[in-house]
Amino acid sequence: MRVLHNLLLALILVTVSHWTAYGAEINTLLKTLKSVGPQAAGNRQAAPAWTELIKADAGQLPAILAGLDDANPLAANWIRTAVDTVAERRFRRDGTLPAAELERFVLDTSHAPRARRLAYEWLCHVDRSAPERLLPGMLDDPSLEMRRDAVARRIDEAARLVQARETDQAVPLYQEALTAARDADQVALLADRLRELGREVNLPRHFGFVLRWNVIGPFDNTDGRGFAAVYPPERGIDLQASYDGKHGKVQWLEHIAKDEYATVDFNRALQHEKAVVGYATSEFVSRRRQEVDLRVTSLNAVKVWLNGQLVARHEVYHAGSQMDQYTNHVIMQPGRNTILVKVCQNAITPEWADPWGFQLRVCDTNGTAVLSADRNP
Amino acid sequence: MRTLLTPVRKRLTPGPSPRKRGQRRLHSPRRSAGRLAVAAAIVFAAGADWTHFRGNDTNSVSQQRNLPVALERHDYVAWKTPLPGRGPSSPIVVAGRVVVTCSSGPREDRLHVLCIDAQSGKLHWQRQLWATGHTVAHPFGAVGAPTPASDGQRVFAFFSSNDLACFDLQGNLKWFRGLAYDDPSVRNDVGMASSPLVLGATLIVQLDTPADSFVAGLDVATGETRWRLPRDKGAIWASPTVLRGKGPEEDLVLLQSRTRLTAHDPQTGRQLWDYEASCHTIASATTCDGVAYLPANGLHALRYDPQRRATELLWHEPRLRSTNASPVVHDGRAYVIKSPAILACGDATDGRILWQLRLEGPTWASPVLADGHLYFVSHKGLVQVVRLGERDAEVVGTLQIDPGVLATPAVADGAVYFRTDQNLWKLAKD
């Protein structure tokens with residue numbers, strides 16, 4: 001009996017020391033993976049490190065997942081494929097994964113949103129009840145994918161209530177879902193549902209679209225030269241000034257974007273024309289210094305300045321777009337910040353090349369609206 | 001939600017389970033023996049593989065025989081395997097494994113690479129990546145648009161986000177490049193679709209966009225850039241094409257732009273010749289017996305004369321005008337899918353039109369040719385097998401698969417593979 005006891009003890013000690021050593025090794029391997037950079041930098045070292053890392057036991061998954069917390073986007077792919085390889089091997093072998101540890105990881109919002117989502121998806125392989133248990137508390141989750149699933153569940157709940165003719169109970173669920181929703185398709189769906197139930201929805205406010213602008217133009221963009229040309233609005237904003245435009249004097253005009261996605265349509269605001277440049281400017285009042293996204297959408301060539309500094313430059317005409325086409329991380333200073341947008345229209349004449357305009361919104365990195373302090377409504 | 005995929009099987013010959021394969025690979029002390037077996041399999045299977053968009057020679061022609069033809073008379077569906085995402089990318093077949101890519105997610109930023117056993121349709125391995133580049137694309141397409149490529153030992157999975165990953169045949173990540181992460185100004189918000197090409201030790205990727213553009217040759221082993229050439233602005237969805245020389249060292253890569261076709265040494269990128277034409281932006285050039293056939297307001301047949309250092313236009317036939325499908329040239333005949341879905345056959349020596357046959361469209365996928373038949377699938381998912389004759393042709397087999405097909409079929413190991421937004425299909429006699 002004593003011999004058996006000693007053998008067992010020895011086995012435990014060997015195992016513990018092995019895992020402690022391997023834990024340290026995992027950190028070293030992760031460090032190598034996290035060293036990859038642009039232009040294939042670090043790929044030569046990363047490949048053998050990855051091959052070692054995937055030998056880890058599934059019990060080490062939380063440690064590997066945590067490697068995603070401070071990984072650059074390139075390194076994140078090395079690490080996520082290692083996570084998948086380790087998890088897939090164990091799951092295929094015996095259908096198990098360390099569910100409790102994975103769930104703890106999912107619920108710890110200090111970890112990177114994508115790492116938590118990855119942990120969640122593997123957790124769901126071995127725990128079918130996980131969505132039902134976890135998603136209801138994730139309406140405001142930092143992970144956009146967790147949040148999306150939570151919103152989708154709330155939409156389904158509300159729809160069932162509507163079907164049961166309990167619309168008074170459905171409305172607050174829809175409103176709760178709308179407050180949480182960040183994806184444009186879900187927001188649009190919720191706006192439709194609430195309006196069908198007689199409720200008002202302010203989409204521009206939800207998204208943080210800038211509505212109030214001053215616009216000026218047209219300036220010349222013959223042969224696309226206007227994109228590089230520096231017209232007076234780029235040298236300083238003076239709303240009282242007038243300048244030489246493409247066909248004569250032009251001056252600033254007040255303009256309020258009226259559609260739900262706050263499109264500034266220069267064809268309407270100025271005049272319908274080709275081979276032209278238009279500018280729009282707006283002031284954004286920030287209560288504090290803060291990092292935000294300026295998200296711009298345009299089918300035209302576009303430049304954006306914040307407080308005189310160029311933050312976006314895309315010389316592309318009519319090549320497709322969707323909401324949040326260009327995301328620019330910027331810093332808003334406390335007080336008034338000046339946004340200037342330059343939009344160039346080219347000379348081609350098919351109907352699909354008609355649009356000349358843009359949308360711009362201010363939000364955080366998750367797409368939550370950041371509103372100007374003087375916004376009304 | 002990630003799932004481990006299960007094929008819908010028909011008339012399967014059971015093979016060893018992926019689990020057992022995985023265990024042997026990961027834990028067996030006899031790994032080198034396994035490697036030898038894989039190497040042997042590669043050698044034996046190489047001739048039967050389909051390693052690129054439009055096949056090993058990027059010409060849409062397979063030497064395979066005994067393929068299924070009368071599709072409505074027999075059940076030739078060996079299996080179909082569900083896919084976790086959408087994509088116009090075509091499958092490739094390497095050493096008995098079918099590799100296919102797709103993309104998913106509300107932001108289309110989840111990139112999938114699947115390796116499926118060709119015999120059973122079961123999943124060998126699946127890897128997911130997160131896009132590091134732009135994922136804005138026309139809803140008609142998807143980020144999983146370019147077809148992967150293989151050199152027989154590695155798989156190169158490329159995406160519209162300009163993410164490029166290299167795996168070995170066991171699914172081990174060998175290198176990863178975020179080409180738009182390196183250079184964010186290279187983007188096309190309609191989506192990118194040009195498929196990579198492996199020639200020797202170089203992987204060629206062509207990124208022609210409305211914004212900044214370039215073509216690069218990357219080291220297949222490390223992903224490092226061996227050469228890079230700037231390109232004119234202008235979106236192109238066509239893919240690099242190989243023009244075979246007398247030996248592999250004489251192979252050239254052909255690159256289409258909106259205004260010219262250029263030929264390059266694949267190992268250095270050095271441009272050897274160019275030909276000005278208003279090239280098709282989607283349909284890719286093809287080659288046969290040293291002649292390049294370029295879709296450009298009809299079909300141009302070109303030959304480069306190294307003695308004169310000049311390109312010779314053999315013929316130009318405006319009526320052989322491709323829709324989006326790439327032309328196929330084989331055995332003295334040039335085949336083009338014209339609008340709306342007319343298969344036109346021309347004499348490859350002079351461009352003279354010999355016959356035409358109306359097919360069921362609409363058409364996006366390129367047809368492939370094998371054993372005297374052309375395999376064509378419409379966007380609505382109607383597979384049409386055309387028997388090719390000297391003076392005419394006829395549709396001798398049809399099969400309705402899933403709608404929404406953009407992917408060109410693959411032919412390998414006595415089977416034809418079709419990829420839809422929902423499934424990967426295998427059609428075979430045995």
# chains A, B, ... in the order shown; residues from 1 in each chain; ligands from 1
call {"tool": "residues_around", "arguments": {"residues": "His329 of chain A", "least_positions_apart": "2", "cutoff": "10 Å", "atoms": "only C-alpha atoms", "output": "list in words"}}
result
Glu291, Val292, Asp293, Leu294, Arg295, Val311, Ala312, Thr327, Ile331, Met332, Val362, Cys363, Asp364 and Thr365 of chain A
call {"tool": "write_last_selection", "arguments": {"atoms": "N, CA and C atoms", "output": "PDB file, in the first residue's frame"}}
result
ATOM      1  N   GLU A 291     -10.373  59.312 -27.155  1.00  0.00           N
ATOM      2  CA  GLU A 291     -10.122  58.592 -28.404  1.00  0.00           C
ATOM      3  C   GLU A 291     -11.459  58.159 -28.988  1.00  0.00           C
ATOM      4  N   VAL A 292     -11.663  58.445 -30.242  1.00  0.00           N
ATOM      5  CA  VAL A 292     -12.906  58.045 -30.909  1.00  0.00           C
ATOM      6  C   VAL A 292     -12.577  57.555 -32.318  1.00  0.00           C
ATOM      7  N   ASP A 293     -13.586  56.966 -32.941  1.00  0.00           N
ATOM      8  CA  ASP A 293     -13.500  56.648 -34.364  1.00  0.00           C
ATOM      9  C   ASP A 293     -14.249  57.715 -35.146  1.00  0.00           C
ATOM     10  N   LEU A 294     -13.633  58.213 -36.203  1.00  0.00           N
ATOM     11  CA  LEU A 294     -14.380  58.955 -37.220  1.00  0.00           C
ATOM     12  C   LEU A 294     -14.617  57.954 -38.340  1.00  0.00           C
ATOM     13  N   ARG A 295     -15.848  57.538 -38.533  1.00  0.00           N
ATOM     14  CA  ARG A 295     -16.138  56.528 -39.548  1.00  0.00           C
ATOM     15  C   ARG A 295     -16.841  57.185 -40.730  1.00  0.00           C
ATOM     16  N   VAL A 311      -6.640  63.021 -41.576  1.00  0.00           N
ATOM     17  CA  VAL A 311      -6.775  61.717 -40.903  1.00  0.00           C
ATOM     18  C   VAL A 311      -7.245  60.613 -41.863  1.00  0.00           C
ATOM     19  N   ALA A 312      -7.702  60.975 -43.051  1.00  0.00           N
ATOM     20  CA  ALA A 312      -8.127  59.952 -44.013  1.00  0.00           C
ATOM     21  C   ALA A 312      -7.917  60.482 -45.421  1.00  0.00           C
ATOM     22  N   THR A 327     -12.577  53.610 -41.350  1.00  0.00           N
ATOM     23  CA  THR A 327     -12.530  53.877 -39.908  1.00  0.00           C
ATOM     24  C   THR A 327     -11.211  54.550 -39.558  1.00  0.00           C
ATOM     25  N   ILE A 331      -8.108  61.511 -31.937  1.00  0.00           N
ATOM     26  CA  ILE A 331      -8.283  62.037 -30.573  1.00  0.00           C
ATOM     27  C   ILE A 331      -9.045  63.346 -30.654  1.00  0.00           C
ATOM     28  N   MET A 332     -10.178  63.366 -29.967  1.00  0.00           N
ATOM     29  CA  MET A 332     -10.953  64.607 -29.851  1.00  0.00           C
ATOM     30  C   MET A 332     -10.395  65.393 -28.665  1.00  0.00           C
ATOM     31  N   VAL A 362     -19.382  59.601 -35.424  1.00  0.00           N
ATOM     32  CA  VAL A 362     -18.377  59.576 -34.362  1.00  0.00           C
ATOM     33  C   VAL A 362     -18.827  58.536 -33.351  1.00  0.00           C
ATOM     34  N   CYS A 363     -17.939  57.604 -33.049  1.00  0.00           N
ATOM     35  CA  CYS A 363     -18.310  56.521 -32.143  1.00  0.00           C
ATOM     36  C   CYS A 363     -17.058  55.972 -31.468  1.00  0.00           C
ATOM     37  N   ASP A 364     -17.268  55.045 -30.546  1.00  0.00           N
ATOM     38  CA  ASP A 364     -16.104  54.397 -29.950  1.00  0.00           C
ATOM     39  C   ASP A 364     -15.722  53.189 -30.803  1.00  0.00           C
ATOM     40  N   THR A 365     -14.733  52.446 -30.369  1.00  0.00           N
ATOM     41  CA  THR A 365     -14.225  51.359 -31.214  1.00  0.00           C
ATOM     42  C   THR A 365     -15.250  50.245 -31.389  1.00  0.00           C
TER      43      THR A 365
END
call {"tool": "interface_residues", "arguments": {"of": "chain A", "to": "chain B", "cutoff": "9 Å", "atoms": "only C-alpha atoms", "output": "ChimeraX atom specification"}}
result
/A:37-41,43-44,46-48,50-51,55,73-78,80-82,84-85,88-89,92-93,121-122,124-125,145,183,185,314-317,319-322,325
call {"tool": "closest_residue", "arguments": {"among": "A:Ser35, A:Gln290, A:Ser298, A:Ser143", "to": "Arg182 of chain A", "atoms": "only C-alpha atoms"}}
result
A:Ser143
call {"tool": "closest_residue", "arguments": {"among": "B:Ala325, B:Ile353, B:Leu314, B:Ala341", "to": "Asn59 of chain B", "atoms": "only C-alpha atoms"}}
result
B:Ala325
call {"tool": "atom_distance", "arguments": {"atom1": "atom CA of Phe158 of chain B", "atom2": "atom CA of Gly361 of chain B"}}
result
28.0 Å
call {"tool": "select_by_dssp", "arguments": {"residues": "segment 159-347 of chain A", "states": "helix (DSSP H, G or I)", "output": "number ranges by chain"}}
result
A: 159-163, 167-180, 184-196, 203-207, 222-227, 232-234, 266-269
call {"tool": "select_by_dssp", "arguments": {"residues": "segment 105-224 of chain B", "states": "strand (DSSP E)", "output": "PyMOL selection string"}}
result
chain B and resi 110-117+123-130+149-150+154-158+163-168+173-178+197-199+202-207+213-219
call {"tool": "write_last_selection", "arguments": {"atoms": "N, CA and C atoms", "output": "compact mmCIF listing (two decimals), in the first residue's frame"}}
result
# COMPACT_ATOMS: atom_id res chain seq x y z
N ARG B 110 -14.36 36.50 -40.75
CA ARG B 110 -13.92 35.16 -40.36
C ARG B 110 -13.54 34.39 -41.62
N LEU B 111 -12.34 33.99 -41.67
CA LEU B 111 -11.80 33.33 -42.86
C LEU B 111 -11.59 31.86 -42.54
N HIS B 112 -12.11 30.99 -43.38
CA HIS B 112 -12.05 29.55 -43.12
C HIS B 112 -11.21 28.85 -44.18
N VAL B 113 -10.42 27.91 -43.75
CA VAL B 113 -9.71 27.00 -44.66
C VAL B 113 -10.09 25.59 -44.23
N LEU B 114 -10.66 24.83 -45.16
CA LEU B 114 -11.09 23.46 -44.84
C LEU B 114 -10.33 22.48 -45.71
N CYS B 115 -9.90 21.41 -45.11
CA CYS B 115 -9.26 20.32 -45.84
C CYS B 115 -10.13 19.07 -45.66
N ILE B 116 -10.65 18.58 -46.77
CA ILE B 116 -11.67 17.52 -46.73
C ILE B 116 -11.14 16.30 -47.47
N ASP B 117 -11.35 15.15 -46.89
CA ASP B 117 -10.91 13.91 -47.51
C ASP B 117 -11.68 13.70 -48.82
N LEU B 123 -14.10 15.80 -42.87
CA LEU B 123 -13.17 16.90 -42.62
C LEU B 123 -11.86 16.36 -42.06
N HIS B 124 -10.76 16.66 -42.73
CA HIS B 124 -9.44 16.38 -42.15
C HIS B 124 -9.13 17.42 -41.10
N TRP B 125 -9.17 18.66 -41.51
CA TRP B 125 -8.92 19.76 -40.57
C TRP B 125 -9.58 21.03 -41.08
N GLN B 126 -9.80 21.92 -40.14
CA GLN B 126 -10.39 23.21 -40.46
C GLN B 126 -9.65 24.27 -39.65
N ARG B 127 -9.24 25.33 -40.29
CA ARG B 127 -8.59 26.43 -39.57
C ARG B 127 -9.36 27.71 -39.85
N GLN B 128 -9.44 28.52 -38.81
CA GLN B 128 -10.09 29.82 -38.97
C GLN B 128 -9.07 30.91 -38.73
N LEU B 129 -9.22 31.99 -39.48
CA LEU B 129 -8.36 33.16 -39.30
C LEU B 129 -9.26 34.38 -39.15
N TRP B 130 -8.69 35.43 -38.59
CA TRP B 130 -9.40 36.71 -38.54
C TRP B 130 -8.80 37.62 -39.60
N ALA B 149 -4.13 27.93 -53.57
CA ALA B 149 -3.19 27.28 -54.49
C ALA B 149 -2.33 26.32 -53.68
N SER B 150 -1.68 25.39 -54.39
CA SER B 150 -0.81 24.44 -53.68
C SER B 150 0.39 24.09 -54.56
N ARG B 154 2.29 22.29 -49.69
CA ARG B 154 1.71 23.38 -48.91
C ARG B 154 0.43 23.85 -49.57
N VAL B 155 -0.40 24.49 -48.75
CA VAL B 155 -1.62 25.12 -49.27
C VAL B 155 -1.53 26.61 -48.96
N PHE B 156 -1.80 27.43 -49.96
CA PHE B 156 -1.75 28.88 -49.78
C PHE B 156 -3.17 29.42 -49.90
N ALA B 157 -3.71 29.88 -48.80
CA ALA B 157 -5.09 30.35 -48.77
C ALA B 157 -5.08 31.87 -48.77
N PHE B 158 -5.71 32.44 -49.79
CA PHE B 158 -5.70 33.89 -49.98
C PHE B 158 -7.14 34.38 -49.93
N ASP B 163 -5.43 38.78 -46.84
CA ASP B 163 -4.76 37.91 -45.88
C ASP B 163 -4.34 36.64 -46.61
N LEU B 164 -3.16 36.17 -46.29
CA LEU B 164 -2.57 35.04 -47.02
C LEU B 164 -1.92 34.11 -45.99
N ALA B 165 -2.40 32.88 -45.94
CA ALA B 165 -1.88 31.92 -44.95
C ALA B 165 -1.36 30.69 -45.66
N CYS B 166 -0.28 30.15 -45.14
CA CYS B 166 0.30 28.92 -45.70
C CYS B 166 0.20 27.81 -44.65
N PHE B 167 -0.41 26.71 -45.03
CA PHE B 167 -0.50 25.52 -44.17
C PHE B 167 0.18 24.36 -44.88
N ASP B 168 0.67 23.40 -44.10
CA ASP B 168 1.06 22.15 -44.75
C ASP B 168 -0.19 21.29 -44.90
N LEU B 173 0.14 25.60 -39.49
CA LEU B 173 0.39 26.94 -40.03
C LEU B 173 1.88 27.13 -40.22
N LYS B 174 2.29 27.46 -41.43
CA LYS B 174 3.71 27.64 -41.72
C LYS B 174 4.09 29.11 -41.79
N TRP B 175 3.22 29.92 -42.31
CA TRP B 175 3.43 31.37 -42.26
C TRP B 175 2.12 32.09 -42.56
N PHE B 176 2.12 33.37 -42.20
CA PHE B 176 0.91 34.19 -42.40
C PHE B 176 1.33 35.60 -42.80
N ARG B 177 0.67 36.15 -43.82
CA ARG B 177 0.91 37.53 -44.22
C ARG B 177 -0.42 38.28 -44.26
N GLY B 178 -0.40 39.49 -43.73
CA GLY B 178 -1.53 40.40 -43.90
C GLY B 178 -1.09 41.47 -44.89
N LEU B 197 -0.76 32.09 -57.66
CA LEU B 197 -0.18 31.09 -58.56
C LEU B 197 1.19 30.70 -58.01
N VAL B 198 1.45 29.40 -57.91
CA VAL B 198 2.77 28.93 -57.48
C VAL B 198 3.55 28.49 -58.70
N LEU B 199 4.75 29.04 -58.85
CA LEU B 199 5.66 28.58 -59.90
C LEU B 199 7.02 28.38 -59.25
N THR B 202 8.17 30.16 -55.86
CA THR B 202 7.59 31.50 -55.73
C THR B 202 6.07 31.45 -55.81
N LEU B 203 5.45 32.15 -54.89
CA LEU B 203 4.00 32.31 -54.91
C LEU B 203 3.70 33.72 -55.40
N ILE B 204 2.92 33.80 -56.47
CA ILE B 204 2.66 35.11 -57.08
C ILE B 204 1.26 35.58 -56.70
N VAL B 205 1.18 36.78 -56.16
CA VAL B 205 -0.12 37.37 -55.80
C VAL B 205 -0.25 38.71 -56.53
N GLN B 206 -1.39 38.89 -57.15
CA GLN B 206 -1.65 40.11 -57.93
C GLN B 206 -2.74 40.91 -57.24
N LEU B 207 -2.42 42.13 -56.83
CA LEU B 207 -3.39 42.96 -56.12
C LEU B 207 -3.60 44.24 -56.92
N SER B 213 -1.74 49.51 -56.00
CA SER B 213 -1.75 48.15 -56.56
C SER B 213 -0.32 47.63 -56.67
N PHE B 214 -0.17 46.33 -56.55
CA PHE B 214 1.14 45.72 -56.77
C PHE B 214 1.00 44.25 -57.07
N VAL B 215 2.07 43.66 -57.58
CA VAL B 215 2.17 42.21 -57.73
C VAL B 215 3.45 41.81 -57.00
N ALA B 216 3.41 40.67 -56.36
CA ALA B 216 4.58 40.25 -55.59
C ALA B 216 4.82 38.77 -55.77
N GLY B 217 6.09 38.41 -55.67
CA GLY B 217 6.48 37.01 -55.62
C GLY B 217 6.99 36.71 -54.22
N LEU B 218 6.36 35.75 -53.56
CA LEU B 218 6.73 35.45 -52.18
C LEU B 218 7.41 34.09 -52.11
N ASP B 219 8.30 33.95 -51.16
CA ASP B 219 8.97 32.68 -50.92
C ASP B 219 7.95 31.69 -50.36
call {"tool": "residues_around", "arguments": {"residues": "Gly87 of chain B", "least_positions_apart": "2", "cutoff": "12 Å", "atoms": "only C-alpha atoms", "output": "count of residues only"}}
result
45
call {"tool": "residues_around", "arguments": {"residues": "segment 388-395 of chain B", "least_positions_apart": "2", "cutoff": "8 Å", "atoms": "only C-alpha atoms", "output": "ChimeraX atom specification"}}
result
/B:354-357,372-374,384-386,397-398
call {"tool": "write_last_selection", "arguments": {"atoms": "C-alpha atoms", "output": "PDB file, in the first residue's frame"}}
result
ATOM      1  CA  LEU B 354     -17.168  26.790 -85.822  1.00  0.00           C
ATOM      2  CA  TRP B 355     -20.330  26.369 -83.828  1.00  0.00           C
ATOM      3  CA  GLN B 356     -22.363  27.817 -80.979  1.00  0.00           C
ATOM      4  CA  LEU B 357     -24.567  26.227 -78.349  1.00  0.00           C
ATOM      5  CA  GLY B 372     -14.025  15.535 -74.540  1.00  0.00           C
ATOM      6  CA  HIS B 373     -16.596  17.235 -72.360  1.00  0.00           C
ATOM      7  CA  LEU B 374     -17.040  20.688 -70.960  1.00  0.00           C
ATOM      8  CA  GLN B 384     -24.397  21.127 -67.620  1.00  0.00           C
ATOM      9  CA  VAL B 385     -22.105  18.578 -69.261  1.00  0.00           C
ATOM     10  CA  VAL B 386     -21.442  19.372 -72.903  1.00  0.00           C
ATOM     11  CA  GLY B 397     -26.021  15.684 -68.731  1.00  0.00           C
ATOM     12  CA  THR B 398     -27.580  18.088 -66.252  1.00  0.00           C
TER      13      THR B 398
END
call {"tool": "atom_distance", "arguments": {"atom1": "atom CA of Trp252 of chain A", "atom2": "atom CA of Arg288 of chain A"}}
result
28.7 Å
call {"tool": "residues_around", "arguments": {"residues": "Ala159 of chain A", "least_positions_apart": "2", "cutoff": "12 Å", "atoms": "only C-alpha atoms", "output": "PyMOL selection string"}}
result
chain A and resi 152-157+161-174+177+189-190+193-194+196-197
call {"tool": "atom_distance", "arguments": {"atom1": "atom CA of Glu351 of chain A", "atom2": "atom CA of Val276 of chain A"}}
result
16.4 Å
call {"tool": "decode", "arguments": {"residues": "segment 343-351 of chain A", "atoms": "all heavy atoms", "output": "compact mmCIF listing (two decimals), in the first residue's frame"}}
result
# COMPACT_ATOMS: atom_id res chain seq x y z
N VAL A 343 -14.87 65.93 -50.72
CA VAL A 343 -15.41 64.82 -51.51
C VAL A 343 -15.30 65.16 -52.99
O VAL A 343 -15.84 66.17 -53.44
CB VAL A 343 -16.89 64.54 -51.14
CG1 VAL A 343 -17.40 63.32 -51.91
CG2 VAL A 343 -17.02 64.29 -49.64
N CYS A 344 -14.60 64.33 -53.73
CA CYS A 344 -14.34 64.59 -55.15
C CYS A 344 -15.21 63.68 -56.01
O CYS A 344 -15.24 62.46 -55.80
CB CYS A 344 -12.87 64.33 -55.49
SG CYS A 344 -11.74 65.32 -54.50
N GLN A 345 -15.89 64.28 -56.96
CA GLN A 345 -16.68 63.52 -57.93
C GLN A 345 -15.91 63.47 -59.25
O GLN A 345 -15.31 64.46 -59.65
CB GLN A 345 -18.04 64.21 -58.12
CG GLN A 345 -18.90 63.67 -59.25
CD GLN A 345 -19.39 62.25 -59.00
OE1 GLN A 345 -18.60 61.33 -58.80
NE2 GLN A 345 -20.69 62.06 -58.99
N ASN A 346 -15.92 62.32 -59.91
CA ASN A 346 -15.20 62.23 -61.19
C ASN A 346 -16.12 62.58 -62.36
O ASN A 346 -17.25 63.02 -62.15
CB ASN A 346 -14.52 60.86 -61.35
CG ASN A 346 -15.53 59.73 -61.38
OD1 ASN A 346 -16.74 59.97 -61.36
ND2 ASN A 346 -15.05 58.50 -61.43
N ALA A 347 -15.63 62.34 -63.56
CA ALA A 347 -16.33 62.84 -64.75
C ALA A 347 -17.21 61.80 -65.42
O ALA A 347 -17.94 62.13 -66.36
CB ALA A 347 -15.31 63.39 -65.74
N ILE A 348 -17.14 60.56 -64.99
CA ILE A 348 -17.88 59.54 -65.74
C ILE A 348 -19.38 59.70 -65.50
O ILE A 348 -19.82 60.15 -64.44
CB ILE A 348 -17.41 58.12 -65.40
CG1 ILE A 348 -17.64 57.78 -63.94
CG2 ILE A 348 -15.95 57.93 -65.76
CD1 ILE A 348 -17.37 56.33 -63.62
N THR A 349 -20.16 59.33 -66.51
CA THR A 349 -21.57 59.74 -66.52
C THR A 349 -22.63 58.65 -66.33
O THR A 349 -23.81 58.98 -66.28
CB THR A 349 -21.89 60.46 -67.85
OG1 THR A 349 -21.49 59.60 -68.92
CG2 THR A 349 -21.15 61.77 -67.94
N PRO A 350 -22.29 57.35 -66.23
CA PRO A 350 -23.39 56.40 -66.02
C PRO A 350 -24.16 56.71 -64.73
O PRO A 350 -23.62 57.34 -63.82
CB PRO A 350 -22.70 55.04 -65.90
CG PRO A 350 -21.30 55.24 -66.37
CD PRO A 350 -20.99 56.69 -66.27
N GLU A 351 -25.40 56.23 -64.69
CA GLU A 351 -26.25 56.55 -63.55
C GLU A 351 -25.65 56.08 -62.23
O GLU A 351 -25.76 56.74 -61.20
CB GLU A 351 -27.62 55.90 -63.75
CG GLU A 351 -28.69 56.49 -62.86
CD GLU A 351 -30.03 55.85 -63.15
OE1 GLU A 351 -30.24 55.33 -64.27
OE2 GLU A 351 -30.87 55.88 -62.24
